[in-house]
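start12.cif follows; it contains mmCIF, C-alpha atoms.
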data_target
#
loop_
_atom_site.label_atom_id
_atom_site.label_comp_id
_atom_site.auth_asym_id
_atom_site.auth_seq_id
_atom_site.Cartn_x
_atom_site.Cartn_y
_atom_site.Cartn_z
CA MET A 1 -1.80 8.30 11.24
CA SER A 2 -5.51 7.87 10.81
CA SER A 3 -6.65 4.38 11.52
CA GLN A 4 -10.24 4.55 10.41
CA LEU A 5 -11.60 2.38 7.63
CA LYS A 6 -12.58 4.62 4.73
CA PRO A 7 -15.14 4.12 3.34
CA ALA A 8 -17.02 1.94 5.82
CA VAL A 9 -18.15 -1.51 4.73
CA ASN A 10 -20.85 -1.12 2.12
CA GLU A 11 -22.84 -2.98 -0.52
CA ARG A 12 -19.91 -3.09 -2.93
CA ASP A 13 -17.94 -5.26 -0.51
CA HIS A 14 -17.78 -9.04 -0.42
CA LEU A 15 -18.99 -10.14 2.97
CA GLN A 16 -18.86 -13.57 4.53
CA GLY A 17 -20.96 -14.37 7.58
CA ALA A 18 -24.05 -12.71 8.99
CA ALA A 19 -24.37 -8.99 8.24
CA SER A 20 -25.62 -8.57 11.80
CA ALA A 21 -22.52 -10.17 13.40
CA PRO A 22 -21.10 -7.87 16.10
CA ILE A 23 -17.44 -8.23 15.05
CA GLU A 24 -16.53 -6.94 11.62
CA ILE A 25 -13.13 -7.92 10.23
CA VAL A 26 -11.87 -6.32 7.04
CA GLU A 27 -8.73 -7.62 5.38
CA TYR A 28 -6.80 -5.69 2.75
CA GLY A 29 -5.01 -8.44 0.92
CA ASP A 30 -2.99 -9.41 -2.12
CA PHE A 31 -3.57 -12.85 -3.60
CA GLN A 32 0.11 -13.37 -4.32
CA CYS A 33 1.47 -12.05 -1.02
CA PRO A 34 2.87 -14.94 1.03
CA HIS A 35 1.90 -13.24 4.32
CA CYS A 36 -1.71 -13.12 3.10
CA GLY A 37 -1.40 -16.77 2.15
CA ALA A 38 -0.28 -17.52 5.70
CA ALA A 39 -3.17 -15.48 7.12
CA TYR A 40 -5.77 -17.37 5.07
CA PRO A 41 -6.02 -20.53 7.25
CA VAL A 42 -5.95 -18.38 10.39
CA ILE A 43 -9.01 -16.46 9.18
CA LYS A 44 -10.72 -19.77 8.41
CA LYS A 45 -9.97 -20.95 11.94
CA MET A 46 -11.31 -17.68 13.33
CA GLN A 47 -14.54 -18.08 11.38
CA GLU A 48 -14.93 -21.62 12.62
CA VAL A 49 -14.29 -20.77 16.27
CA PHE A 50 -16.32 -17.57 16.45
CA GLY A 51 -19.07 -18.56 14.01
CA ASP A 52 -21.87 -16.04 13.77
CA GLN A 53 -20.00 -13.61 16.02
CA ILE A 54 -17.88 -12.42 13.11
CA LYS A 55 -18.31 -11.25 9.58
CA PHE A 56 -15.35 -11.13 7.22
CA ILE A 57 -14.79 -8.70 4.37
CA PHE A 58 -11.97 -8.89 1.84
CA ARG A 59 -10.75 -5.81 -0.05
CA ASN A 60 -8.16 -5.92 -2.79
CA PHE A 61 -4.75 -4.39 -2.23
CA PRO A 62 -2.69 -5.85 -5.07
CA LEU A 63 0.99 -4.87 -4.99
CA SER A 64 1.29 -5.23 -8.75
CA GLU A 65 4.86 -4.00 -9.02
CA SER A 66 6.12 -6.70 -6.66
CA HIS A 67 3.64 -9.45 -7.50
CA GLN A 68 2.94 -9.92 -11.18
CA TYR A 69 -0.21 -12.02 -10.72
CA ALA A 70 -1.73 -10.04 -7.85
CA LYS A 71 -3.92 -7.84 -10.01
CA ILE A 72 -5.18 -10.53 -12.37
CA ALA A 73 -5.95 -12.75 -9.38
CA ALA A 74 -7.96 -9.93 -7.78
CA LEU A 75 -9.85 -9.49 -11.05
CA ALA A 76 -10.43 -13.25 -11.26
CA ALA A 77 -12.03 -13.31 -7.82
CA GLU A 78 -14.21 -10.33 -8.74
CA ALA A 79 -15.15 -11.94 -12.05
CA ALA A 80 -16.11 -15.14 -10.23
CA GLY A 81 -18.14 -12.92 -7.89
CA LEU A 82 -20.22 -11.73 -10.84
CA GLN A 83 -21.18 -15.39 -11.27
CA GLY A 84 -21.93 -15.80 -7.57
CA LYS A 85 -18.68 -17.61 -6.71
CA TYR A 86 -16.53 -14.90 -5.14
CA TRP A 87 -15.53 -16.74 -1.98
CA GLU A 88 -15.04 -20.03 -3.79
CA MET A 89 -12.50 -18.33 -6.06
CA HIS A 90 -10.94 -16.36 -3.21
CA ASP A 91 -10.38 -19.58 -1.27
CA ALA A 92 -9.20 -21.57 -4.28
CA ILE A 93 -6.55 -18.97 -5.14
CA TYR A 94 -5.13 -18.92 -1.61
CA GLU A 95 -5.22 -22.70 -1.42
CA ASN A 96 -3.18 -22.88 -4.62
CA GLN A 97 -1.10 -19.75 -4.10
CA GLY A 98 2.18 -21.54 -4.79
CA GLN A 99 1.07 -22.27 -8.37
CA LEU A 100 -0.50 -18.86 -9.05
CA ASN A 101 -0.32 -17.73 -12.66
CA ASP A 102 -2.80 -16.85 -15.42
CA GLY A 103 -3.26 -20.51 -16.33
CA LEU A 104 -4.18 -21.47 -12.78
CA LEU A 105 -6.91 -18.82 -12.67
CA TYR A 106 -8.57 -20.25 -15.80
CA GLU A 107 -8.23 -23.74 -14.41
CA LEU A 108 -9.89 -22.69 -11.15
CA ALA A 109 -12.66 -20.95 -13.08
CA GLN A 110 -13.26 -24.21 -14.93
CA ASN A 111 -13.22 -26.24 -11.70
CA LEU A 112 -15.80 -23.90 -10.20
CA GLY A 113 -18.03 -24.41 -13.21
CA LEU A 114 -17.95 -20.78 -14.28
CA ASP A 115 -19.08 -19.68 -17.71
CA GLU A 116 -15.56 -19.39 -19.07
CA GLN A 117 -16.29 -17.05 -21.91
CA GLN A 118 -18.05 -14.67 -19.54
CA PHE A 119 -15.20 -15.03 -17.03
CA GLU A 120 -12.62 -14.13 -19.65
CA GLN A 121 -14.66 -11.16 -20.80
CA ASP A 122 -15.12 -9.91 -17.24
CA LEU A 123 -11.38 -10.10 -16.58
CA GLN A 124 -11.01 -7.37 -19.22
CA SER A 125 -13.89 -5.25 -17.99
CA THR A 126 -13.32 -1.63 -17.04
CA ALA A 127 -15.87 -1.84 -14.25
CA LEU A 128 -14.00 -4.67 -12.51
CA ASN A 129 -10.70 -2.90 -12.93
CA GLU A 130 -12.23 0.17 -11.32
CA LYS A 131 -13.57 -1.92 -8.45
CA VAL A 132 -10.09 -3.28 -7.72
CA GLU A 133 -8.56 0.19 -7.99
CA ALA A 134 -11.24 1.65 -5.73
CA ASP A 135 -10.40 -1.01 -3.15
CA PHE A 136 -6.72 -0.13 -3.41
CA GLU A 137 -7.40 3.58 -3.07
CA SER A 138 -9.62 2.99 -0.04
CA GLY A 139 -6.71 1.07 1.47
CA MET A 140 -4.36 4.01 0.87
CA ARG A 141 -6.92 6.30 2.50
CA SER A 142 -7.33 3.99 5.47
CA GLY A 143 -3.60 3.88 6.19
CA VAL A 144 -2.82 0.42 4.82
CA SER A 145 0.95 0.14 4.78
CA GLY A 146 1.37 -3.46 3.72
CA THR A 147 -0.50 -6.70 3.26
CA PRO A 148 -2.33 -8.15 4.96
CA SER A 149 -3.80 -5.26 6.96
CA PHE A 150 -6.81 -5.82 9.19
CA PHE A 151 -9.53 -3.51 10.48
CA VAL A 152 -11.78 -4.55 13.34
CA ASN A 153 -15.08 -2.71 13.53
CA GLY A 154 -13.60 0.07 11.42
CA GLN A 155 -10.37 0.54 13.40
CA LYS A 156 -6.97 -0.46 12.09
CA PHE A 157 -5.68 -3.50 13.93
CA ASP A 158 -2.01 -3.34 14.78
CA GLY A 159 -0.91 -6.90 14.10
CA GLY A 160 -1.23 -9.96 11.92
CA ALA A 161 -3.91 -12.65 11.65
CA GLU A 162 -2.54 -14.69 14.58
CA ASP A 163 -2.53 -11.58 16.79
CA LEU A 164 -6.08 -10.91 15.74
CA TYR A 165 -7.12 -14.45 16.62
CA ASP A 166 -5.46 -14.15 20.03
CA MET A 167 -7.14 -10.81 20.66
CA LEU A 168 -10.57 -12.24 19.85
CA LYS A 169 -9.91 -15.28 22.02
CA ASP A 170 -8.83 -13.10 24.94
CA SER A 171 -11.82 -10.80 24.64
CA ALA A 172 -14.20 -13.78 24.44
CA GLU A 173 -12.91 -15.18 27.72
CA MET B 174 11.55 18.85 12.05
CA LEU B 175 10.34 21.56 9.72
CA GLU B 176 6.64 22.24 10.05
CA LYS B 177 3.78 23.32 7.82
CA GLY B 178 4.14 26.85 6.45
CA THR B 179 7.96 26.79 6.33
CA LYS B 180 9.77 27.47 3.07
CA ALA B 181 11.24 24.12 2.00
CA PRO B 182 15.05 24.27 1.98
CA ASP B 183 16.51 23.83 -1.49
CA PHE B 184 18.71 20.83 -2.25
CA LYS B 185 20.68 19.35 -5.09
CA LEU B 186 21.23 15.63 -4.82
CA PHE B 187 22.09 12.73 -7.10
CA ALA B 188 19.01 10.86 -8.31
CA ALA B 189 21.08 8.56 -10.52
CA PRO B 190 24.81 8.10 -11.08
CA ASP B 191 24.83 10.78 -13.79
CA LYS B 192 21.85 12.94 -12.84
CA SER B 193 21.04 15.26 -9.99
CA VAL B 194 17.75 16.90 -9.03
CA SER B 195 16.99 20.00 -7.05
CA LEU B 196 13.88 21.29 -5.36
CA THR B 197 13.47 23.99 -8.01
CA ASP B 198 13.04 21.27 -10.67
CA PHE B 199 9.64 20.60 -9.08
CA LYS B 200 8.37 24.17 -9.04
CA GLY B 201 4.78 24.14 -10.28
CA LYS B 202 4.22 20.60 -8.99
CA ASN B 203 3.45 19.20 -5.60
CA LEU B 204 6.34 17.20 -4.24
CA ILE B 205 6.39 14.43 -1.66
CA LEU B 206 9.72 13.93 0.11
CA ALA B 207 9.92 10.57 1.85
CA PHE B 208 12.99 10.39 4.09
CA TYR B 209 13.76 6.83 5.19
CA PRO B 210 16.54 5.13 7.15
CA ALA B 211 18.13 2.83 4.57
CA ASP B 212 17.85 0.91 1.30
CA TRP B 213 17.41 -2.86 1.46
CA SER B 214 14.77 -3.07 4.15
CA PRO B 215 14.00 -6.78 4.35
CA VAL B 216 10.17 -6.76 4.34
CA CYS B 217 8.45 -7.43 1.04
CA SER B 218 5.86 -4.70 1.38
CA ASP B 219 8.22 -1.96 2.50
CA GLN B 220 7.50 1.71 2.34
CA MET B 221 9.19 2.49 -0.99
CA ALA B 222 7.54 -0.53 -2.64
CA LEU B 223 4.22 0.74 -1.33
CA TYR B 224 4.70 4.21 -2.80
CA ASN B 225 5.77 2.58 -6.04
CA GLU B 226 2.24 1.17 -6.31
CA MET B 227 0.71 4.58 -5.65
CA LEU B 228 2.37 6.79 -8.25
CA LYS B 229 -0.71 7.10 -10.43
CA TYR B 230 -2.80 8.12 -7.43
CA PHE B 231 -0.21 10.77 -6.52
CA ALA B 232 -0.24 11.95 -10.14
CA LYS B 233 -3.96 12.67 -9.83
CA TYR B 234 -2.94 15.41 -7.41
CA ASP B 235 -0.18 16.64 -9.68
CA ALA B 236 2.39 15.28 -7.25
CA GLU B 237 5.72 13.56 -7.67
CA ILE B 238 7.64 11.70 -5.03
CA LEU B 239 11.33 11.42 -4.13
CA GLY B 240 12.75 8.94 -1.64
CA VAL B 241 15.66 10.32 0.40
CA SER B 242 18.24 8.40 2.39
CA VAL B 243 21.96 8.66 3.09
CA ASP B 244 22.75 5.70 0.83
CA GLY B 245 24.99 6.46 -2.13
CA LYS B 246 23.80 6.77 -5.72
CA TRP B 247 25.01 3.34 -6.83
CA CYS B 248 23.36 1.74 -3.84
CA HIS B 249 20.11 3.53 -4.70
CA LYS B 250 20.44 2.36 -8.29
CA ALA B 251 20.78 -1.29 -7.30
CA PHE B 252 17.99 -1.06 -4.73
CA SER B 253 15.68 0.74 -7.11
CA GLU B 254 16.31 -1.81 -9.87
CA SER B 255 15.74 -4.73 -7.55
CA ARG B 256 12.39 -3.32 -6.41
CA ASN B 257 11.44 -2.12 -9.88
CA LEU B 258 10.84 1.41 -8.57
CA HIS B 259 9.44 3.99 -10.99
CA PHE B 260 10.38 7.06 -8.99
CA SER B 261 13.73 8.48 -7.97
CA LEU B 262 15.66 7.82 -4.80
CA VAL B 263 18.08 10.63 -4.03
CA ALA B 264 21.36 10.30 -2.20
CA ASP B 265 21.83 12.55 0.83
CA PHE B 266 25.37 11.26 0.80
CA GLU B 267 27.87 14.10 0.56
CA PRO B 268 28.08 15.89 2.91
CA LYS B 269 26.35 13.04 4.65
CA GLY B 270 22.81 13.80 5.77
CA GLU B 271 23.05 17.50 4.99
CA VAL B 272 19.55 17.78 3.53
CA SER B 273 18.04 15.57 6.22
CA LYS B 274 19.60 17.88 8.79
CA LYS B 275 18.15 20.96 7.07
CA TYR B 276 14.71 19.38 7.24
CA GLY B 277 15.31 18.43 10.87
CA VAL B 278 15.02 14.68 10.31
CA TYR B 279 18.55 13.36 10.83
CA ASN B 280 19.39 10.82 13.51
CA GLU B 281 22.95 11.67 14.67
CA GLU B 282 23.28 8.61 16.83
CA GLU B 283 22.59 6.14 14.04
CA GLY B 284 23.96 8.29 11.22
CA ARG B 285 20.85 8.07 9.06
CA SER B 286 17.67 9.91 8.16
CA ASP B 287 14.55 9.49 10.24
CA ARG B 288 11.42 8.07 8.66
CA ALA B 289 9.67 11.31 7.81
CA LEU B 290 7.28 12.66 5.20
CA PHE B 291 6.92 16.14 3.72
CA VAL B 292 4.40 17.42 1.22
CA ILE B 293 5.69 20.56 -0.49
CA ASP B 294 3.31 22.70 -2.51
CA LYS B 295 3.82 24.15 -5.98
CA GLU B 296 5.40 27.30 -4.57
CA GLY B 297 7.92 25.39 -2.49
CA THR B 298 6.25 25.75 0.90
CA ILE B 299 5.86 22.82 3.26
CA ALA B 300 2.15 21.98 3.39
CA TRP B 301 2.40 18.99 5.73
CA SER B 302 5.07 17.04 7.57
CA TYR B 303 5.07 13.90 9.64
CA LEU B 304 7.69 12.04 11.66
CA SER B 305 7.07 8.32 11.94
CA PRO B 306 8.62 5.90 14.42
CA ALA B 307 11.55 4.33 12.51
CA ALA B 308 10.06 0.84 12.71
CA VAL B 309 6.63 1.87 11.47
CA ASN B 310 5.70 2.22 7.83
CA PRO B 311 3.49 5.34 7.83
CA GLY B 312 1.50 4.40 4.72
CA ALA B 313 0.08 7.11 2.51
CA ASP B 314 -3.15 8.33 4.07
CA GLY B 315 -1.51 11.45 5.52
CA ILE B 316 0.09 12.25 2.17
CA LEU B 317 -3.23 11.90 0.36
CA ASP B 318 -5.08 14.05 2.88
CA ALA B 319 -2.46 16.78 2.50
CA LEU B 320 -2.56 16.62 -1.29
CA GLU B 321 -6.32 16.68 -1.27
CA SER B 322 -6.49 19.81 0.86
CA LEU B 323 -3.91 21.51 -1.41
CA THR B 324 -6.00 20.69 -4.44
CA ARG B 325 -9.16 21.89 -2.74
CA ASN B 326 -7.55 25.19 -1.71
CA ASN B 327 -6.46 25.87 -5.25
CA ALA B 328 -9.79 25.04 -6.80
#
The structure in this file should be written as structure tokens.
Amino acid sequence: MSSQLKPAVNERDHLQGAASAPIEIVEYGDFQCPHCGAAYPVIKKMQEVFGDQIKFIFRNFPLSESHQYAKIAALAAEAAGLQGKYWEMHDAIYENQGQLNDGLLYELAQNLGLDEQQFEQDLQSTALNEKVEADFESGMRSGVSGTPSFFVNGQKFDGGAEDLYDMLKDSAE
Amino acid sequence: MLEKGTKAPDFKLFAAPDKSVSLTDFKGKNLILAFYPADWSPVCSDQMALYNEMLKYFAKYDAEILGVSVDGKWCHKAFSESRNLHFSLVADFEPKGEVSKKYGVYNEEEGRSDRALFVIDKEGTIAWSYLSPAAVNPGADGILDALESLTRNNA
């Protein structure tokens, strides 16, 4: 099947690291998926080890029928993003994945000092819902078959976060 | 395996303990047939669960989906309920694997269907088919590309 990231990383994406970094890693993830939760610290380690060599992009792929809080969590991260705290919320959700529910998301929003009324309003917004759905559809188009799925420089990576870390380590040597 | 341009063989299979479906029921709609080895695959993001998330995107292309395996109708019912599936799984159970064989996607050695995808157009002709390695979840990009080109051709 096709293994190309569609569409390519663009201004609608959340990007961590230097835009000019030579290695681009895109994760399609679900905030409630335990495999994504396990991948989270591995990505952190990767970012620490490879520093400005990599940039990391997260796209939403909520499996809402299996994970009841996946969609609302994706919306919460996007809503926090509107207030300039996307990655803070992204990290906070994964760090507290075991307790994920609606209440946790509001609590995290409060901890991050978000304007709570605005946050709540944005959770309901059509535009954010469309953003999450567009991410999901791009994942379908790109051949995502489960979460997490990774793309390295636009090509689907056949393996999990640990495999990706090993691959980067090997190619750096 | 049957290829693009072939007339899709008709079938009549149980989709629930008291209900059967046939290919002709889908005339006028695009139909995705997803043959798969067995219910109760252990991974949480398995192929049927993935398609379950995609129904509204398939609907945009006027397409419905059926999962097909040799598991019996009560097995399908339990599996479908446990995964909260909103589309039908049909039982290629008696005679075992008959429809899979007609579509050329039956594994005699293991006594089960291969992991294979077909997109059938509104007139009942196969528009696209794909055989996936049994251990690999093929995702949905091929399905979407096929549906998109069908929609474009009809426009």
Exercise answer, chain A residues close to chain B, 7 Å and only C-alpha atoms, as a PyMOL selection string: chain A and resi 1+63-65+140-147
Test item: residues at most 9 Å from Pro190 (chain B), only C-alpha atoms, excluding those fewer than 3 positions along its chain, as a PyMOL selection string: chain B and resi 187+193+246-247+250
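Take the candidates A:Leu100, A:Pro22, A:Glu173, A:Glu107 and check each one against Gln53 (chain A) using only C-alpha atoms; the shortest distance goes to A:Pro22.
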Expected residue set, 12 Å radius at (-12.9, -17.5, 11.5), all atoms listed in the file, as a ChimeraX atom specification: /A:16-17,23-25,39-57,161-162,164-166,168-169
Given the PyMOL selection byres ((chain B and resi 177) around 9), the residues it picks as a PyMOL selection string: chain B and resi 175-176+178-180+291-293+298-302
For the residues selected in the previous step, produce a file with C-alpha atoms as a CSV table (one decimal), in the frame of the given file.
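Once everything was written out, this is again-v6.csv:
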chain,number,residue,atom,x,y,z
B,175,LEU,CA,10.3,21.6,9.7
B,176,GLU,CA,6.6,22.2,10.0
B,178,GLY,CA,4.1,26.8,6.4
B,179,THR,CA,8.0,26.8,6.3
B,180,LYS,CA,9.8,27.5,3.1
B,291,PHE,CA,6.9,16.1,3.7
B,292,VAL,CA,4.4,17.4,1.2
B,293,ILE,CA,5.7,20.6,-0.5
B,298,THR,CA,6.2,25.8,0.9
B,299,ILE,CA,5.9,22.8,3.3
B,300,ALA,CA,2.2,22.0,3.4
B,301,TRP,CA,2.4,19.0,5.7
B,302,SER,CA,5.1,17.0,7.6
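For the pair CA of Gln99 (chain A) and CA of Tyr69 (chain A), the interatomic distance is 10.6 Å.
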Polymer residues at most 6 Å from region 195-200 of chain B, all atoms listed in the file, same-chain spacing of 6 or more positions, as a PDB file with C-alpha atoms, in the frame of the given file:
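And here is the file that came out, result-v3.pdb:
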ATOM      1  CA  ASP B 183      16.510  23.830  -1.490  1.00  0.00           C
ATOM      2  CA  PHE B 184      18.710  20.830  -2.250  1.00  0.00           C
ATOM      3  CA  LYS B 185      20.680  19.350  -5.090  1.00  0.00           C
ATOM      4  CA  LYS B 295       3.820  24.150  -5.980  1.00  0.00           C
TER       5      LYS B 295
END
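Within 9 Å of the point (16.7, 9.3, -8.6), and counting only C-alpha atoms, the protein, DNA and RNA residues are B:Leu186, B:Phe187, B:Ala188, B:Ala189, B:Pro190, B:Lys192, B:Ser193, B:Val194, B:Leu239, B:Gly240, B:Lys246, B:His249, B:Lys250, B:Ser253, B:Phe260, B:Ser261, B:Leu262, B:Val263, B:Ala264.
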